[in-house]
Amino acid sequence: MHSDTIVAGVELGGTKSIAVVGRGREIIDRFRVPTTTPDETLGAIAAKLAQWRQEHRPAAIGIASFGPISVADGIMLPTPKPHWAGADIVAPLAQGFDKIAFHTDVTGAALGEGAFGAGVGLSDFLYVTVGTGVGMGIIAGGRPVTGMMHPEAGHIRVRRRADDSFAGACPFHGDCLEGLVSGPAIAARTGGPAHLLPADDPAWRDVADALGEAFATLFLTLSPARIIVGGGVGLGQQQVLPMVRERVVAALGGYLGFVDAGSIDVRIVPAALGEEAGPLGTLVMAQDALA
């Protein structure tokens, strides 16, 4: 990684977007703008990048965006966010850059955690954000997994308790993982915002059970060294991760030697960088583009 080289990064989020310029873990300058329409948001960021190209001469840019996106050509796929479906994300931001990297915002955050946070030293790990939605960035052999589009493992189906009749809140799949554990799903289940629920509310056990089943499946299919959990629900509710770990061990039934009661505390961990994971991850992406 060319950590001594100045690079630029952009993290496009559903409500706000951030541009940064820096080297390694050092952010020299940052620019924040609300995510409104593509013309307004991308135009404002492009103008700031043009200024930085004069002042700092960044050698590459990493762009991480909310999705769903086509990683291959930088186009936003059908999305419920007004005006963004079909938007060209990369072209307005890449002007003046010869080296460009593009991926999802959750993959950018995964790369940030891998370089500077809870994934340091690991070549195979997952970053899972649990908040308004559920997103996953999968790092295998030190590289992001893309496939035909990008991972959408937040929508996998999970085995549920026989006494749990909640229909789920995903408009596509009902009781997929996101439909069971996201902030809107918790609100639909309980009738109130997730952040106002007491820590001992039984809904948190339902959330932990669903995440535990999903994580057990991910350990079985991808064999990651670690699952890093971020997001408002994932980080904001400290009582949830211990229950998730317990559920994973029970679901695996001793089948995986590397995921057991003695190792589970290092296999499933909270994210370390908070909101800085995304911006730092875009710098990592840009530095990787130089390699």
# chains A, B, ... in the order shown; residues from 1 in each chain; ligands from 1
call {"tool": "residues_around", "arguments": {"residues": "Thr107 of chain A", "least_positions_apart": "6", "cutoff": "12 Å", "atoms": "only C-alpha atoms", "output": "ChimeraX atom specification"}}
result
/A:11,62-67,71,101,113-114,125-129,135-140,142-146,150-152,277-282,284-285
call {"tool": "select_by_dssp", "arguments": {"residues": "segment 87-252 of chain A", "states": "helix (DSSP H, G or I)", "output": "PyMOL selection string"}}
result
chain A and resi 90-94+105-116+153-155+177-181+183-190+194-196+203-222+232-236+240-252
call {"tool": "write_last_selection", "arguments": {"atoms": "C-alpha atoms", "output": "CSV table (one decimal), in the first residue's frame"}}
result
chain,number,residue,atom,x,y,z
A,90,VAL,CA,-18.0,7.4,-11.1
A,91,ALA,CA,-17.8,9.7,-14.2
A,92,PRO,CA,-18.5,13.0,-12.5
A,93,LEU,CA,-16.1,12.2,-9.6
A,94,ALA,CA,-13.3,10.6,-11.6
A,105,ASP,CA,-19.9,1.8,0.9
A,106,VAL,CA,-19.9,-1.3,3.1
A,107,THR,CA,-17.0,-2.7,1.3
A,108,GLY,CA,-15.1,0.6,1.7
A,109,ALA,CA,-15.8,0.4,5.4
A,110,ALA,CA,-14.5,-3.2,5.4
A,111,LEU,CA,-11.3,-2.1,3.8
A,112,GLY,CA,-10.9,0.7,6.4
A,113,GLU,CA,-11.4,-1.8,9.2
A,114,GLY,CA,-8.9,-4.2,7.6
A,115,ALA,CA,-6.2,-1.6,7.2
A,116,PHE,CA,-6.6,0.4,10.5
A,153,ALA,CA,-25.9,-11.1,2.1
A,154,GLY,CA,-28.1,-8.9,4.3
A,155,HIS,CA,-31.0,-10.5,2.5
A,177,LEU,CA,-32.1,-11.0,7.8
A,178,GLU,CA,-32.6,-7.3,7.1
A,179,GLY,CA,-36.3,-7.7,7.5
A,180,LEU,CA,-35.7,-9.1,11.0
A,181,VAL,CA,-32.8,-7.1,12.5
A,183,GLY,CA,-33.8,-0.5,12.7
A,184,PRO,CA,-37.1,-0.3,10.7
A,185,ALA,CA,-37.7,-4.1,11.3
A,186,ILE,CA,-37.2,-3.6,15.1
A,187,ALA,CA,-39.6,-0.6,15.0
A,188,ALA,CA,-42.2,-2.7,13.1
A,189,ARG,CA,-41.9,-5.6,15.5
A,190,THR,CA,-42.1,-3.4,18.7
A,194,ALA,CA,-35.0,0.7,18.2
A,195,HIS,CA,-32.8,3.3,20.1
A,196,LEU,CA,-35.6,3.8,22.7
A,203,ALA,CA,-36.9,-8.0,21.0
A,204,TRP,CA,-33.1,-7.9,21.3
A,205,ARG,CA,-33.1,-11.7,21.8
A,206,ASP,CA,-35.0,-12.0,18.5
A,207,VAL,CA,-32.4,-9.8,16.8
A,208,ALA,CA,-29.5,-11.7,18.3
A,209,ASP,CA,-31.0,-15.1,17.3
A,210,ALA,CA,-31.4,-14.0,13.7
A,211,LEU,CA,-27.9,-12.5,13.5
A,212,GLY,CA,-26.5,-15.6,15.2
A,213,GLU,CA,-28.1,-17.9,12.6
A,214,ALA,CA,-26.8,-15.7,9.8
A,215,PHE,CA,-23.3,-15.5,11.2
A,216,ALA,CA,-23.2,-19.3,11.7
A,217,THR,CA,-24.1,-19.7,8.0
A,218,LEU,CA,-21.4,-17.2,7.0
A,219,PHE,CA,-18.8,-19.1,9.0
A,220,LEU,CA,-19.8,-22.3,7.3
A,221,THR,CA,-19.8,-20.9,3.8
A,222,LEU,CA,-17.0,-18.4,3.8
A,232,GLY,CA,-26.3,1.9,14.8
A,233,VAL,CA,-27.9,-1.3,15.9
A,234,GLY,CA,-24.7,-3.4,15.8
A,235,LEU,CA,-22.6,-0.9,17.8
A,236,GLY,CA,-25.3,1.0,19.7
A,240,VAL,CA,-26.6,-7.8,21.5
A,241,LEU,CA,-23.2,-9.1,20.5
A,242,PRO,CA,-22.8,-11.4,23.5
A,243,MET,CA,-26.2,-13.0,22.7
A,244,VAL,CA,-25.1,-13.3,19.0
A,245,ARG,CA,-21.9,-15.1,20.0
A,246,GLU,CA,-23.9,-17.5,22.2
A,247,ARG,CA,-26.3,-18.2,19.4
A,248,VAL,CA,-23.5,-18.8,16.8
A,249,VAL,CA,-21.8,-21.4,19.1
A,250,ALA,CA,-25.2,-23.2,19.7
A,251,ALA,CA,-26.1,-23.1,16.0
A,252,LEU,CA,-22.7,-24.6,14.9
call {"tool": "closest_residue", "arguments": {"among": "A:Thr132, A:Thr5, A:Ser123, A:Gln239", "to": "Arg57 of chain A", "atoms": "only C-alpha atoms"}}
result
A:Thr5
call {"tool": "atom_distance", "arguments": {"atom1": "atom CA of Leu49 of chain A", "atom2": "atom CA of Thr79 of chain A"}}
result
26.0 Å
call {"tool": "residues_around", "arguments": {"residues": "Lys81 of chain A", "least_positions_apart": "2", "cutoff": "12 Å", "atoms": "only C-alpha atoms", "output": "JSON, numbers by chain"}}
result
{"A": [13, 14, 15, 35, 36, 37, 38, 66, 67, 68, 76, 77, 78, 79, 83, 84, 85, 86, 87]}
call {"tool": "write_last_selection", "arguments": {"atoms": "N, CA and C atoms", "output": "PDB file, in the first residue's frame"}}
result
ATOM      1  N   GLY A  13     -23.306   8.289   0.927  1.00  0.00           N
ATOM      2  CA  GLY A  13     -24.261   7.639   1.803  1.00  0.00           C
ATOM      3  C   GLY A  13     -25.679   8.038   1.454  1.00  0.00           C
ATOM      4  N   GLY A  14     -26.630   7.345   2.031  1.00  0.00           N
ATOM      5  CA  GLY A  14     -28.018   7.615   1.715  1.00  0.00           C
ATOM      6  C   GLY A  14     -28.504   8.971   2.196  1.00  0.00           C
ATOM      7  N   THR A  15     -27.908   9.506   3.272  1.00  0.00           N
ATOM      8  CA  THR A  15     -28.322  10.809   3.791  1.00  0.00           C
ATOM      9  C   THR A  15     -27.237  11.862   3.690  1.00  0.00           C
ATOM     10  N   THR A  35     -26.841  14.223   0.881  1.00  0.00           N
ATOM     11  CA  THR A  35     -27.130  13.464  -0.329  1.00  0.00           C
ATOM     12  C   THR A  35     -28.543  13.814  -0.778  1.00  0.00           C
ATOM     13  N   THR A  36     -28.622  14.655  -1.801  1.00  0.00           N
ATOM     14  CA  THR A  36     -29.924  15.090  -2.327  1.00  0.00           C
ATOM     15  C   THR A  36     -30.139  14.456  -3.695  1.00  0.00           C
ATOM     16  N   THR A  37     -29.927  15.209  -4.767  1.00  0.00           N
ATOM     17  CA  THR A  37     -30.001  14.643  -6.115  1.00  0.00           C
ATOM     18  C   THR A  37     -28.591  14.348  -6.609  1.00  0.00           C
ATOM     19  N   PRO A  38     -28.458  13.482  -7.610  1.00  0.00           N
ATOM     20  CA  PRO A  38     -27.114  13.219  -8.140  1.00  0.00           C
ATOM     21  C   PRO A  38     -26.414  14.479  -8.644  1.00  0.00           C
ATOM     22  N   PHE A  66     -23.435   3.961  -1.580  1.00  0.00           N
ATOM     23  CA  PHE A  66     -24.610   3.164  -1.231  1.00  0.00           C
ATOM     24  C   PHE A  66     -25.110   2.479  -2.497  1.00  0.00           C
ATOM     25  N   GLY A  67     -25.905   1.461  -2.332  1.00  0.00           N
ATOM     26  CA  GLY A  67     -26.305   0.681  -3.484  1.00  0.00           C
ATOM     27  C   GLY A  67     -27.798   0.469  -3.572  1.00  0.00           C
ATOM     28  N   PRO A  68     -28.170  -0.458  -4.444  1.00  0.00           N
ATOM     29  CA  PRO A  68     -27.302  -1.360  -5.211  1.00  0.00           C
ATOM     30  C   PRO A  68     -26.635  -0.662  -6.392  1.00  0.00           C
ATOM     31  N   MET A  76     -25.648   3.405 -10.742  1.00  0.00           N
ATOM     32  CA  MET A  76     -26.584   3.044  -9.692  1.00  0.00           C
ATOM     33  C   MET A  76     -27.704   2.193 -10.288  1.00  0.00           C
ATOM     34  N   LEU A  77     -27.963   1.064  -9.680  1.00  0.00           N
ATOM     35  CA  LEU A  77     -29.040   0.179 -10.111  1.00  0.00           C
ATOM     36  C   LEU A  77     -30.366   0.660  -9.511  1.00  0.00           C
ATOM     37  N   PRO A  78     -31.495   0.039  -9.867  1.00  0.00           N
ATOM     38  CA  PRO A  78     -32.774   0.480  -9.315  1.00  0.00           C
ATOM     39  C   PRO A  78     -32.732   0.580  -7.786  1.00  0.00           C
ATOM     40  N   THR A  79     -33.110   1.716  -7.273  1.00  0.00           N
ATOM     41  CA  THR A  79     -33.032   2.009  -5.853  1.00  0.00           C
ATOM     42  C   THR A  79     -34.252   2.823  -5.452  1.00  0.00           C
ATOM     43  N   HIS A  83     -34.453   9.764  -7.704  1.00  0.00           N
ATOM     44  CA  HIS A  83     -33.557  10.388  -8.677  1.00  0.00           C
ATOM     45  C   HIS A  83     -32.237   9.630  -8.901  1.00  0.00           C
ATOM     46  N   TRP A  84     -31.923   8.632  -8.078  1.00  0.00           N
ATOM     47  CA  TRP A  84     -30.595   8.018  -8.166  1.00  0.00           C
ATOM     48  C   TRP A  84     -30.543   6.791  -9.066  1.00  0.00           C
ATOM     49  N   ALA A  85     -31.648   6.145  -9.340  1.00  0.00           N
ATOM     50  CA  ALA A  85     -31.626   4.965 -10.206  1.00  0.00           C
ATOM     51  C   ALA A  85     -31.070   5.339 -11.576  1.00  0.00           C
ATOM     52  N   GLY A  86     -30.057   4.607 -12.025  1.00  0.00           N
ATOM     53  CA  GLY A  86     -29.437   4.863 -13.320  1.00  0.00           C
ATOM     54  C   GLY A  86     -28.376   5.947 -13.306  1.00  0.00           C
ATOM     55  N   ALA A  87     -28.136   6.569 -12.161  1.00  0.00           N
ATOM     56  CA  ALA A  87     -27.147   7.653 -12.100  1.00  0.00           C
ATOM     57  C   ALA A  87     -25.736   7.110 -12.317  1.00  0.00           C
TER      58      ALA A  87
END
call {"tool": "select_by_dssp", "arguments": {"residues": "segment 75-268 of chain A", "states": "strand (DSSP E)", "output": "list of chain:residue names"}}
result
A:Ile75, A:Met76, A:Ile100, A:Ala101, A:Phe102, A:His103, A:Thr104, A:Phe125, A:Leu126, A:Tyr127, A:Val128, A:Thr129, A:Val130, A:Val134, A:Gly135, A:Met136, A:Gly137, A:Ile138, A:Ile139, A:Ala140, A:Arg143, A:Pro144, A:Arg226, A:Ile227, A:Ile228, A:Val229, A:Gly230, A:Ile268
call {"tool": "closest_residue", "arguments": {"among": "A:Ile268, A:Ala162, A:Val7, A:Ala44", "to": "His56 of chain A", "atoms": "only C-alpha atoms"}}
result
A:Val7
call {"tool": "residues_around", "arguments": {"residues": "Ser182 of chain A", "least_positions_apart": "5", "cutoff": "7 Å", "atoms": "only C-alpha atoms", "output": "list in words"}}
result
Val130, Gly131, Thr132, Gly133 and Val134 of chain A
call {"tool": "atom_distance", "arguments": {"atom1": "atom CA of Arg267 of chain A", "atom2": "atom CA of Gly174 of chain A"}}
result
28.7 Å
call {"tool": "closest_residue", "arguments": {"among": "A:Gly43, A:Pro193, A:Gly121, A:Pro34", "to": "Ile89 of chain A", "atoms": "only C-alpha atoms"}}
result
A:Gly43
call {"tool": "closest_residue", "arguments": {"among": "A:Leu290, A:Val269, A:Ala225, A:Ile69", "to": "Gly257 of chain A", "atoms": "only C-alpha atoms"}}
result
A:Ala225
call {"tool": "atom_distance", "arguments": {"atom1": "atom CA of Ala271 of chain A", "atom2": "atom CA of Gly230 of chain A"}}
result
5.1 Å
